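A.B. asks: Sharing start_25.cif below, mmCIF, C-alpha atoms:
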```
data_query
loop_
_atom_site.group_PDB
_atom_site.id
_atom_site.type_symbol
_atom_site.label_atom_id
_atom_site.label_comp_id
_atom_site.auth_asym_id
_atom_site.auth_seq_id
_atom_site.Cartn_x
_atom_site.Cartn_y
_atom_site.Cartn_z
ATOM 1 C CA MET A 1 78.638 70.582 170.485
ATOM 2 C CA THR A 2 79.990 73.422 168.513
ATOM 3 C CA THR A 3 81.754 73.213 165.192
ATOM 4 C CA THR A 4 84.644 75.511 164.507
ATOM 5 C CA THR A 5 84.995 76.566 160.904
ATOM 6 C CA VAL A 6 88.381 77.730 159.747
ATOM 7 C CA ASP A 7 88.258 80.046 156.759
ATOM 8 C CA SER A 8 91.058 79.417 154.343
ATOM 9 C CA PRO A 9 92.820 82.504 153.035
ATOM 10 C CA ALA A 10 91.551 83.774 149.711
ATOM 11 C CA VAL A 11 93.668 82.824 146.767
ATOM 12 C CA THR A 12 94.337 85.741 144.457
ATOM 13 C CA SER A 13 95.347 85.078 140.920
ATOM 14 C CA ARG A 14 98.155 87.094 139.460
ATOM 15 C CA PRO A 15 98.897 87.510 135.804
ATOM 16 C CA ARG A 16 101.859 85.520 134.735
ATOM 17 C CA THR A 17 104.727 87.599 133.499
ATOM 18 C CA THR A 18 107.322 85.981 131.367
ATOM 19 C CA GLY A 19 109.379 89.107 130.685
ATOM 20 C CA SER A 20 109.646 88.128 127.038
ATOM 21 C CA GLY A 21 107.519 91.022 125.771
ATOM 22 C CA PRO A 22 105.047 90.936 122.860
ATOM 23 C CA THR A 23 105.474 88.721 119.835
ATOM 24 C CA PHE A 24 107.184 90.128 116.763
ATOM 25 C CA GLY A 25 103.897 90.016 114.876
ATOM 26 C CA ARG A 26 102.288 92.332 117.415
ATOM 27 C CA VAL A 27 105.289 94.650 117.380
ATOM 28 C CA LEU A 28 105.140 94.757 113.587
ATOM 29 C CA THR A 29 101.420 95.543 113.657
ATOM 30 C CA ALA A 30 101.973 98.337 116.178
ATOM 31 C CA GLU A 31 104.755 99.852 114.087
ATOM 32 C CA TRP A 32 102.591 99.723 110.975
ATOM 33 C CA ILE A 33 99.738 101.497 112.787
ATOM 34 C CA LYS A 34 102.106 104.218 113.987
ATOM 35 C CA PHE A 35 103.687 104.519 110.552
ATOM 36 C CA ARG A 36 100.463 104.946 108.595
ATOM 37 C CA SER A 37 99.096 107.439 111.131
ATOM 38 C CA LEU A 38 101.911 109.899 110.430
ATOM 39 C CA ARG A 39 101.160 112.785 108.069
ATOM 40 C CA SER A 40 104.764 112.630 106.876
ATOM 41 C CA THR A 41 104.083 109.173 105.425
ATOM 42 C CA VAL A 42 101.391 110.485 103.090
ATOM 43 C CA TRP A 43 103.320 113.601 102.110
ATOM 44 C CA THR A 44 106.676 111.968 101.407
ATOM 45 C CA SER A 45 105.106 109.027 99.559
ATOM 46 C CA SER A 46 103.033 111.374 97.387
ATOM 47 C CA ILE A 47 106.024 113.608 96.651
ATOM 48 C CA THR A 48 108.100 110.579 95.648
ATOM 49 C CA VAL A 49 105.493 109.429 93.146
ATOM 50 C CA LEU A 50 104.876 112.919 91.735
ATOM 51 C CA VAL A 51 108.567 113.687 91.315
ATOM 52 C CA MET A 52 109.417 110.398 89.645
ATOM 53 C CA VAL A 53 106.433 110.438 87.299
ATOM 54 C CA GLY A 54 106.910 114.116 86.465
ATOM 55 C CA LEU A 55 110.601 113.762 85.646
ATOM 56 C CA ALA A 56 110.022 110.651 83.537
ATOM 57 C CA PHE A 57 107.332 112.512 81.577
ATOM 58 C CA LEU A 58 109.573 115.552 81.059
ATOM 59 C CA MET A 59 112.503 113.403 79.938
ATOM 60 C CA ALA A 60 110.377 111.502 77.435
ATOM 61 C CA SER A 61 108.533 114.538 76.058
ATOM 62 C CA LEU A 62 111.627 116.701 75.720
ATOM 63 C CA SER A 63 113.642 113.892 74.135
ATOM 64 C CA THR A 64 111.347 113.865 71.106
ATOM 65 C CA ALA A 65 112.428 117.431 70.312
ATOM 66 C CA VAL A 66 116.157 116.602 70.363
ATOM 67 C CA ASP A 67 117.901 115.669 67.113
ATOM 68 C CA ASP A 68 120.569 113.495 68.737
ATOM 69 C CA PRO A 69 119.280 112.215 72.115
ATOM 70 C CA SER A 70 122.407 110.218 72.940
ATOM 71 C CA ALA A 71 124.578 113.335 72.609
ATOM 72 C CA GLN A 72 122.435 115.033 75.247
ATOM 73 C CA GLY A 73 122.849 112.223 77.766
ATOM 74 C CA ILE A 74 119.373 110.802 77.116
ATOM 75 C CA PRO A 75 119.146 107.035 77.764
ATOM 76 C CA ALA A 76 119.305 104.770 74.733
ATOM 77 C CA SER A 77 116.578 102.439 76.010
ATOM 78 C CA ALA A 78 113.202 102.857 77.653
ATOM 79 C CA ALA A 79 113.834 101.356 81.100
ATOM 80 C CA PRO A 80 116.437 103.911 82.313
ATOM 81 C CA MET A 81 114.163 106.705 81.087
ATOM 82 C CA ILE A 82 111.265 105.305 83.120
ATOM 83 C CA VAL A 83 113.321 105.268 86.339
ATOM 84 C CA PHE A 84 115.008 108.569 85.514
ATOM 85 C CA GLY A 85 113.353 110.373 88.438
ATOM 86 C CA TYR A 86 114.757 108.048 91.100
ATOM 87 C CA TYR A 87 117.567 110.469 91.972
ATOM 88 C CA PHE A 88 115.188 113.068 93.353
ATOM 89 C CA GLY A 89 112.545 110.585 94.429
ATOM 90 C CA GLN A 90 115.052 108.974 96.779
ATOM 91 C CA LEU A 91 115.364 112.230 98.705
ATOM 92 C CA ALA A 92 111.714 112.125 99.781
ATOM 93 C CA LEU A 93 112.029 108.478 100.837
ATOM 94 C CA ALA A 94 115.206 109.330 102.736
ATOM 95 C CA VAL A 95 113.245 111.923 104.713
ATOM 96 C CA LEU A 96 110.554 109.323 105.368
ATOM 97 C CA GLY A 97 113.084 106.753 106.587
ATOM 98 C CA VAL A 98 114.693 109.234 108.972
ATOM 99 C CA LEU A 99 111.386 110.444 110.416
ATOM 100 C CA VAL A 100 110.226 106.896 111.165
ATOM 101 C CA ILE A 101 112.679 106.729 114.062
ATOM 102 C CA THR A 102 113.746 110.283 114.892
ATOM 103 C CA GLY A 103 110.146 111.431 115.168
ATOM 104 C CA GLU A 104 109.706 109.156 118.184
ATOM 105 C CA TYR A 105 112.826 110.521 119.839
ATOM 106 C CA SER A 106 111.718 114.112 119.323
ATOM 107 C CA THR A 107 108.280 113.491 120.860
ATOM 108 C CA GLY A 108 109.455 111.128 123.594
ATOM 109 C CA MET A 109 107.258 108.310 122.267
ATOM 110 C CA ILE A 110 110.340 106.116 122.040
ATOM 111 C CA ARG A 111 110.153 105.596 125.814
ATOM 112 C CA SER A 112 106.685 104.093 125.485
ATOM 113 C CA THR A 113 107.823 101.952 122.580
ATOM 114 C CA LEU A 114 110.809 100.532 124.463
ATOM 115 C CA THR A 115 108.729 100.005 127.597
ATOM 116 C CA ALA A 116 106.256 97.949 125.576
ATOM 117 C CA VAL A 117 109.096 96.080 123.848
ATOM 118 C CA PRO A 118 111.676 95.526 126.608
ATOM 119 C CA LYS A 119 114.029 93.589 124.327
ATOM 120 C CA ARG A 120 114.202 96.723 122.136
ATOM 121 C CA LEU A 121 115.627 95.088 119.020
ATOM 122 C CA PRO A 122 112.284 93.719 117.724
ATOM 123 C CA ALA A 123 111.047 97.310 117.563
ATOM 124 C CA LEU A 124 114.021 98.287 115.383
ATOM 125 C CA TRP A 125 113.590 95.281 113.071
ATOM 126 C CA ALA A 126 109.860 95.990 112.762
ATOM 127 C CA LYS A 127 110.506 99.630 111.845
ATOM 128 C CA ALA A 128 113.070 98.563 109.242
ATOM 129 C CA LEU A 129 110.693 96.004 107.719
ATOM 130 C CA VAL A 130 107.817 98.476 107.537
ATOM 131 C CA ALA A 131 110.092 101.115 105.975
ATOM 132 C CA ALA A 132 111.395 98.628 103.386
ATOM 133 C CA VAL A 133 107.920 97.458 102.374
ATOM 134 C CA VAL A 134 106.533 100.993 102.113
ATOM 135 C CA GLY A 135 109.572 102.131 100.126
ATOM 136 C CA ALA A 136 109.141 99.190 97.736
ATOM 137 C CA VAL A 137 105.396 99.811 97.284
ATOM 138 C CA VAL A 138 105.863 103.544 96.659
ATOM 139 C CA ALA A 139 108.664 102.831 94.180
ATOM 140 C CA THR A 140 106.553 100.219 92.355
ATOM 141 C CA VAL A 141 103.638 102.634 91.991
ATOM 142 C CA ALA A 142 105.919 105.458 90.835
ATOM 143 C CA ILE A 143 107.703 103.291 88.257
ATOM 144 C CA ALA A 144 104.454 101.821 86.947
ATOM 145 C CA LEU A 145 102.948 105.301 86.455
ATOM 146 C CA SER A 146 106.210 106.537 84.910
ATOM 147 C CA ALA A 147 106.009 103.723 82.369
ATOM 148 C CA LEU A 148 102.453 104.736 81.466
ATOM 149 C CA VAL A 149 103.303 108.388 80.853
ATOM 150 C CA THR A 150 106.396 107.586 78.761
ATOM 151 C CA LEU A 151 104.845 104.922 76.512
ATOM 152 C CA PRO A 152 103.303 107.425 74.041
ATOM 153 C CA TYR A 153 106.764 108.867 73.306
ATOM 154 C CA LEU A 154 108.755 105.653 72.882
ATOM 155 C CA ASP A 155 107.864 105.051 69.215
ATOM 156 C CA GLY A 156 109.024 108.539 68.298
ATOM 157 C CA LEU A 157 112.322 107.850 70.048
ATOM 158 C CA GLY A 158 112.750 104.483 68.365
ATOM 159 C CA MET A 159 112.563 102.657 71.689
ATOM 160 C CA THR A 160 110.727 99.494 72.661
ATOM 161 C CA PHE A 161 109.426 98.519 76.065
ATOM 162 C CA ASP A 162 109.646 94.760 76.549
ATOM 163 C CA LEU A 163 108.993 93.313 80.008
ATOM 164 C CA SER A 164 110.312 89.938 78.864
ATOM 165 C CA ASP A 165 113.768 91.446 78.361
ATOM 166 C CA GLY A 166 116.172 90.651 81.202
ATOM 167 C CA GLU A 167 117.853 94.047 81.151
ATOM 168 C CA THR A 168 114.510 95.866 81.326
ATOM 169 C CA LEU A 169 113.400 93.773 84.299
ATOM 170 C CA ARG A 170 116.711 94.379 86.034
ATOM 171 C CA VAL A 171 116.519 98.148 85.586
ATOM 172 C CA LEU A 172 112.875 98.455 86.672
ATOM 173 C CA GLY A 173 113.176 95.945 89.512
ATOM 174 C CA GLY A 174 116.449 97.561 90.483
ATOM 175 C CA GLY A 175 114.629 100.858 90.932
ATOM 176 C CA VAL A 176 112.289 99.216 93.439
ATOM 177 C CA LEU A 177 115.148 97.533 95.305
ATOM 178 C CA TYR A 178 117.245 100.682 95.368
ATOM 179 C CA LEU A 179 114.514 102.950 96.730
ATOM 180 C CA ALA A 180 113.415 100.416 99.347
ATOM 181 C CA THR A 181 117.027 100.024 100.469
ATOM 182 C CA ILE A 182 117.583 103.781 100.625
ATOM 183 C CA THR A 183 114.575 104.048 102.943
ATOM 184 C CA VAL A 184 116.056 101.478 105.343
ATOM 185 C CA PHE A 185 119.502 103.060 105.009
ATOM 186 C CA SER A 186 118.059 106.405 106.121
ATOM 187 C CA LEU A 187 116.211 104.784 109.011
ATOM 188 C CA ALA A 188 119.454 103.206 110.216
ATOM 189 C CA VAL A 189 121.234 106.563 110.155
ATOM 190 C CA GLY A 190 118.327 108.096 112.062
ATOM 191 C CA ALA A 191 118.466 105.335 114.659
ATOM 192 C CA ILE A 192 122.174 105.988 115.211
ATOM 193 C CA LEU A 193 122.003 109.799 115.416
ATOM 194 C CA ARG A 194 118.499 110.050 116.988
ATOM 195 C CA HIS A 195 118.128 113.653 115.783
ATOM 196 C CA THR A 196 116.149 114.575 112.676
ATOM 197 C CA ALA A 197 118.312 117.452 111.446
ATOM 198 C CA ALA A 198 121.582 115.604 112.003
ATOM 199 C CA ALA A 199 120.322 112.436 110.323
ATOM 200 C CA LEU A 200 118.901 114.295 107.317
ATOM 201 C CA ALA A 201 122.103 116.303 106.912
ATOM 202 C CA THR A 202 124.120 113.078 106.970
ATOM 203 C CA VAL A 203 121.979 111.121 104.516
ATOM 204 C CA LEU A 204 121.340 113.954 102.059
ATOM 205 C CA GLY A 205 124.904 115.186 102.340
ATOM 206 C CA LEU A 206 126.181 111.719 101.468
ATOM 207 C CA LEU A 207 123.807 111.202 98.543
ATOM 208 C CA LEU A 208 123.991 114.711 97.080
ATOM 209 C CA VAL A 209 127.359 116.144 98.062
ATOM 210 C CA VAL A 210 129.932 113.521 99.026
ATOM 211 C CA GLU A 211 129.229 111.161 96.152
ATOM 212 C CA THR A 212 129.189 113.986 93.603
ATOM 213 C CA VAL A 213 132.466 115.412 94.911
ATOM 214 C CA PHE A 214 134.174 112.016 94.929
ATOM 215 C CA GLN A 215 133.098 111.323 91.351
ATOM 216 C CA SER A 216 134.323 114.691 90.076
ATOM 217 C CA ILE A 217 137.815 114.781 91.645
ATOM 218 C CA PRO A 218 140.372 113.150 89.313
ATOM 219 C CA HIS A 219 142.503 111.666 92.075
ATOM 220 C CA ALA A 220 143.245 107.988 92.513
ATOM 221 C CA PHE A 221 141.929 107.859 96.110
ATOM 222 C CA PHE A 222 138.560 109.390 95.263
ATOM 223 C CA GLN A 223 138.231 107.377 92.045
ATOM 224 C CA ASN A 224 138.884 104.145 93.962
ATOM 225 C CA VAL A 225 136.500 104.935 96.832
ATOM 226 C CA SER A 226 133.637 106.453 94.817
ATOM 227 C CA PRO A 227 132.286 103.151 93.385
ATOM 228 C CA PHE A 228 131.815 101.813 96.931
ATOM 229 C CA LEU A 229 129.678 104.681 98.227
ATOM 230 C CA PRO A 230 126.101 103.465 98.793
ATOM 231 C CA GLY A 231 124.239 105.563 96.228
ATOM 232 C CA THR A 232 126.869 105.185 93.516
ATOM 233 C CA ALA A 233 127.089 101.436 93.998
ATOM 234 C CA GLY A 234 123.376 100.793 94.219
ATOM 235 C CA SER A 235 122.435 102.988 91.275
ATOM 236 C CA LYS A 236 124.223 100.634 88.877
ATOM 237 C CA LEU A 237 121.143 98.424 89.059
ATOM 238 C CA MET A 238 119.237 101.087 87.127
ATOM 239 C CA MET A 239 121.760 101.480 84.283
ATOM 240 C CA ASP A 240 121.432 99.654 81.000
ATOM 241 C CA ASP A 241 124.482 98.223 79.267
ATOM 242 C CA ALA A 242 125.141 101.458 77.376
ATOM 243 C CA GLY A 243 124.960 103.453 80.594
ATOM 244 C CA LEU A 244 127.354 101.081 82.339
ATOM 245 C CA GLU A 245 129.854 101.397 79.501
ATOM 246 C CA MET A 246 129.632 105.179 79.584
ATOM 247 C CA ALA A 247 130.126 105.246 83.354
ATOM 248 C CA ALA A 248 133.152 102.945 83.045
ATOM 249 C CA SER A 249 134.751 105.235 80.461
ATOM 250 C CA MET A 250 134.479 108.234 82.795
ATOM 251 C CA THR A 251 136.495 106.804 85.685
ATOM 252 C CA SER A 252 139.661 104.825 86.244
ATOM 253 C CA GLY A 253 138.416 103.301 89.500
ATOM 254 C CA PRO A 254 137.080 99.784 90.130
ATOM 255 C CA GLN A 255 134.153 98.704 87.977
ATOM 256 C CA LEU A 256 131.302 96.934 89.746
ATOM 257 C CA THR A 257 128.584 94.957 88.047
ATOM 258 C CA PRO A 258 124.992 95.973 88.868
ATOM 259 C CA TRP A 259 124.508 93.175 91.400
ATOM 260 C CA GLN A 260 127.952 93.705 92.924
ATOM 261 C CA GLY A 261 127.035 97.352 93.379
ATOM 262 C CA TYR A 262 123.774 96.453 95.069
ATOM 263 C CA GLY A 263 125.657 94.023 97.307
ATOM 264 C CA VAL A 264 127.914 96.893 98.416
ATOM 265 C CA MET A 265 124.835 99.014 99.168
ATOM 266 C CA LEU A 266 123.312 96.179 101.219
ATOM 267 C CA ALA A 267 126.576 95.869 103.156
ATOM 268 C CA TRP A 268 126.275 99.549 104.135
ATOM 269 C CA VAL A 269 122.741 98.947 105.395
ATOM 270 C CA VAL A 270 123.709 95.832 107.364
ATOM 271 C CA VAL A 271 126.606 97.610 109.072
ATOM 272 C CA LEU A 272 124.506 100.653 109.924
ATOM 273 C CA LEU A 273 121.611 98.563 111.255
ATOM 274 C CA ALA A 274 124.002 96.483 113.348
ATOM 275 C CA THR A 275 125.516 99.672 114.778
ATOM 276 C CA ALA A 276 122.036 101.045 115.496
ATOM 277 C CA ALA A 277 121.090 97.780 117.247
ATOM 278 C CA VAL A 278 124.146 97.885 119.516
ATOM 279 C CA LEU A 279 123.558 101.523 120.424
ATOM 280 C CA LEU A 280 119.843 100.907 121.020
ATOM 281 C CA ARG A 281 120.679 98.217 123.564
ATOM 282 C CA ARG A 282 123.344 100.277 125.348
ATOM 283 C CA ARG A 283 121.926 103.789 125.375
ATOM 284 C CA ALA A 284 119.099 105.110 127.483
ATOM 285 C CA ALA A 285 115.944 106.130 125.683
#
```
Take the structure in this file and express it as structure tokens.

C.D. replies:
Amino acid sequence: MTTTTVDSPAVTSRPRTTGSGPTFGRVLTAEWIKFRSLRSTVWTSSITVLVMVGLAFLMASLSTAVDDPSAQGIPASAAPMIVFGYYFGQLALAVLGVLVITGEYSTGMIRSTLTAVPKRLPALWAKALVAAVVGAVVATVAIALSALVTLPYLDGLGMTFDLSDGETLRVLGGGVLYLATITVFSLAVGAILRHTAAALATVLGLLLVVETVFQSIPHAFFQNVSPFLPGTAGSKLMMDDAGLEMAASMTSGPQLTPWQGYGVMLAWVVVLLATAAVLLRRRAA
């Protein structure tokens, strides 16, 4: 008697694919690794700190040689002097925010990113979160060092530095919020335009040219629109009460409170990020 043995076909296991892509935590980790590996991150962060600390030191040291500081536009309290360098520091962070996204388009790495994250939007949110956190950390370091270099001059200027004062906390914390938001704002513009030069021209042109022109033209239209431009609105967070009163006396347009101004700035960022998200889903990489 013979026994016939029938071999069953081999069962091969296949990896299960859900099509959902990696978790947001993994996307965030990947974006952080890419972000910290860029030389531009180190350079722009360092420049931001150096510029802000240097300008705060110059403002404080030169103010002691002025007979009437208020007549020269020098802040009447310590907090605005400490964050004085934000105006130029924001330019370096704007460059950083733009390069976070446009750098991938220029090198073609964006195709690999979107292949790894097929839903696309988590990659954008991760980039925005990383940019916001880095902008906040850089701003915190810069403001803390600026406070240290200005402290020796405050007594000579008749100023006190009190962290328990609500206005002081608002001005210093407002500097951190403003610079972090500017970084995300710049990233959103970069995500929309996808070209480094175009995005930088747009962001820097808006912050340096458009807002300055609108503030200087004595026409009702420009005076009414100027307070709602992102930099003008957000910068109110870093003005003390005396600065707010002076700014109000120089224009006939709407007057926003510091937190209303920051709300307007956040609205700009939300709209731009939403636009970038729609375009990211619709356009080819």

A.B. asks: When you count all atoms listed in the file, which of these residues is closest to Thr196 in chain A: A:Val100, A:Ala247, A:Leu151, A:Ala233?

C.D. replies: A:Val100

A.B. asks: Could you jot down the CA of Ala276 in chain A to CA of Arg26 in chain A separation for me, Å, one decimal place?

C.D. replies: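 Computing the Euclidean distance for CA of Ala276 in chain A and CA of Arg26 in chain A yields 21.7 Å.
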
A.B. asks: Could you tell me which residues the PyMOL selection byres ((chain A and resi 219-231) around 9) grabs in this file, written as number ranges by chain?

C.D. replies: A: 178, 182, 206-207, 210-218, 232-236, 251-256, 261-262, 264-269

A.B. asks: Mind writing the picked residues with C-alpha atoms as an mmCIF file, keeping the file's coordinate frame?

C.D. replies:
```cif
data_model
loop_
_atom_site.group_PDB
_atom_site.id
_atom_site.type_symbol
_atom_site.label_atom_id
_atom_site.label_comp_id
_atom_site.auth_asym_id
_atom_site.auth_seq_id
_atom_site.Cartn_x
_atom_site.Cartn_y
_atom_site.Cartn_z
ATOM 1 C CA TYR A 178 117.245 100.682 95.368
ATOM 2 C CA ILE A 182 117.583 103.781 100.625
ATOM 3 C CA LEU A 206 126.181 111.719 101.468
ATOM 4 C CA LEU A 207 123.807 111.202 98.543
ATOM 5 C CA VAL A 210 129.932 113.521 99.026
ATOM 6 C CA GLU A 211 129.229 111.161 96.152
ATOM 7 C CA THR A 212 129.189 113.986 93.603
ATOM 8 C CA VAL A 213 132.466 115.412 94.911
ATOM 9 C CA PHE A 214 134.174 112.016 94.929
ATOM 10 C CA GLN A 215 133.098 111.323 91.351
ATOM 11 C CA SER A 216 134.323 114.691 90.076
ATOM 12 C CA ILE A 217 137.815 114.781 91.645
ATOM 13 C CA PRO A 218 140.372 113.150 89.313
ATOM 14 C CA THR A 232 126.869 105.185 93.516
ATOM 15 C CA ALA A 233 127.089 101.436 93.998
ATOM 16 C CA GLY A 234 123.376 100.793 94.219
ATOM 17 C CA SER A 235 122.435 102.988 91.275
ATOM 18 C CA LYS A 236 124.223 100.634 88.877
ATOM 19 C CA THR A 251 136.495 106.804 85.685
ATOM 20 C CA SER A 252 139.661 104.825 86.244
ATOM 21 C CA GLY A 253 138.416 103.301 89.500
ATOM 22 C CA PRO A 254 137.080 99.784 90.130
ATOM 23 C CA GLN A 255 134.153 98.704 87.977
ATOM 24 C CA LEU A 256 131.302 96.934 89.746
ATOM 25 C CA GLY A 261 127.035 97.352 93.379
ATOM 26 C CA TYR A 262 123.774 96.453 95.069
ATOM 27 C CA VAL A 264 127.914 96.893 98.416
ATOM 28 C CA MET A 265 124.835 99.014 99.168
ATOM 29 C CA LEU A 266 123.312 96.179 101.219
ATOM 30 C CA ALA A 267 126.576 95.869 103.156
ATOM 31 C CA TRP A 268 126.275 99.549 104.135
ATOM 32 C CA VAL A 269 122.741 98.947 105.395
#
```

A.B. asks: List the neighbours of Gly174 in chain A out to 6 Å using all atoms listed in the file; skip same-chain residues closer than 3 positions along the sequence, and give me the result as a list in words.

C.D. replies: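 Residues near the query, excluding close chain neighbours: Arg170, Val171, Leu177, Tyr178, Leu237 and Met238 of chain A.
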
A.B. asks: Go through A:Leu172, A:Trp259, A:Ala191, A:Ala277 and flag the residue nearest Ala79 in chain A, using all atoms listed in the file for the distances.

C.D. replies: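 Ranking A:Leu172, A:Trp259, A:Ala191, A:Ala277 by distance to Ala79 in chain A, first place goes to A:Leu172.
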
A.B. asks: To one decimal place, how far is CA of Asp241 in chain A from CA of Ala92 in chain A in Å?

C.D. replies: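 If I compute the distance from CA of Asp241 in chain A to CA of Ala92 in chain A, I get 27.9 Å.
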
A.B. asks: Just to confirm, what's the straight-line distance from CA of Arg283 in chain A to CA of Thr29 in chain A in Å (one decimal)?

C.D. replies: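 So the answer is 25.0 Å.
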
A.B. asks: Using all atoms listed in the file, which of A:Lys34, A:Arg281, A:His195, A:Arg39 sits nearest Leu114 in chain A?

C.D. replies: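 Smallest separation from Leu114 in chain A among the options: A:Arg281.
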
A.B. asks: At a cut-off of 10 Å, using only C-alpha atoms, what residues contact Ala116 in chain A? Leave out same-chain residues fewer than 6 positions from it and give the result as an MDAnalysis selection string.

C.D. replies: chainID A and resid 21:22 27 110 123

A.B. asks: Just the residues within 9 Å of range 135-149 of chain A, please, counting all atoms listed in the file, with nothing from its chain fewer than 5 positions along; format it as a VMD selection string.

C.D. replies: chain A and resid 45 to 46 48 to 57 60 78 to 79 81 to 83 85 to 86 89 93 96 to 97 130 161 172 to 173 175 to 184

A.B. asks: Dump C-alpha atoms for the selected residues as a compact mmCIF listing (two decimals), keeping the file's coordinate frame?

C.D. replies:
```
# COMPACT_ATOMS: atom_id res chain seq x y z
CA SER A 45 105.11 109.03 99.56
CA SER A 46 103.03 111.37 97.39
CA THR A 48 108.10 110.58 95.65
CA VAL A 49 105.49 109.43 93.15
CA LEU A 50 104.88 112.92 91.74
CA VAL A 51 108.57 113.69 91.32
CA MET A 52 109.42 110.40 89.64
CA VAL A 53 106.43 110.44 87.30
CA GLY A 54 106.91 114.12 86.46
CA LEU A 55 110.60 113.76 85.65
CA ALA A 56 110.02 110.65 83.54
CA PHE A 57 107.33 112.51 81.58
CA ALA A 60 110.38 111.50 77.44
CA ALA A 78 113.20 102.86 77.65
CA ALA A 79 113.83 101.36 81.10
CA MET A 81 114.16 106.70 81.09
CA ILE A 82 111.26 105.30 83.12
CA VAL A 83 113.32 105.27 86.34
CA GLY A 85 113.35 110.37 88.44
CA TYR A 86 114.76 108.05 91.10
CA GLY A 89 112.54 110.58 94.43
CA LEU A 93 112.03 108.48 100.84
CA LEU A 96 110.55 109.32 105.37
CA GLY A 97 113.08 106.75 106.59
CA VAL A 130 107.82 98.48 107.54
CA PHE A 161 109.43 98.52 76.06
CA LEU A 172 112.88 98.46 86.67
CA GLY A 173 113.18 95.94 89.51
CA GLY A 175 114.63 100.86 90.93
CA VAL A 176 112.29 99.22 93.44
CA LEU A 177 115.15 97.53 95.30
CA TYR A 178 117.24 100.68 95.37
CA LEU A 179 114.51 102.95 96.73
CA ALA A 180 113.42 100.42 99.35
CA THR A 181 117.03 100.02 100.47
CA ILE A 182 117.58 103.78 100.62
CA THR A 183 114.58 104.05 102.94
CA VAL A 184 116.06 101.48 105.34
```

A.B. asks: List as a ChimeraX atom specification the protein and nucleic acid residues near Val189 in chain A, meaning an atom at most 9 Å away when all atoms listed in the file are counted, but skip any in the same chain fewer than 5 places from it.

C.D. replies: /A:97-98,184,194,199-200,202-203,272-273,276

A.B. asks: Could you dump the residues just selected with C-alpha atoms as a PDB file, in the coordinates of the input?

C.D. replies:
```pdb
ATOM      1  CA  GLY A  97     113.084 106.753 106.587  1.00  0.00           C
ATOM      2  CA  VAL A  98     114.693 109.234 108.972  1.00  0.00           C
ATOM      3  CA  VAL A 184     116.056 101.478 105.343  1.00  0.00           C
ATOM      4  CA  ARG A 194     118.499 110.050 116.988  1.00  0.00           C
ATOM      5  CA  ALA A 199     120.322 112.436 110.323  1.00  0.00           C
ATOM      6  CA  LEU A 200     118.901 114.295 107.317  1.00  0.00           C
ATOM      7  CA  THR A 202     124.120 113.078 106.970  1.00  0.00           C
ATOM      8  CA  VAL A 203     121.979 111.121 104.516  1.00  0.00           C
ATOM      9  CA  LEU A 272     124.506 100.653 109.924  1.00  0.00           C
ATOM     10  CA  LEU A 273     121.611  98.563 111.255  1.00  0.00           C
ATOM     11  CA  ALA A 276     122.036 101.045 115.496  1.00  0.00           C
TER      12      ALA A 276
END
```

A.B. asks: So, counting all atoms listed in the file, which residue among A:Leu157, A:Leu99, A:Ala94, A:Leu62 is closest to Leu38 in chain A?

C.D. replies: A:Leu99

A.B. asks: Pick from A:Glu31, A:Asp155, A:Asp162, A:Glu167: nearest to Lys127 in chain A, with only C-alpha atoms counted?

C.D. replies: A:Glu31

A.B. asks: Measuring between all atoms listed in the file, which one of A:Ala132, A:Val95, A:Val271, A:Ala242 shows the shortest distance to Ser186 in chain A?

C.D. replies: A:Val95
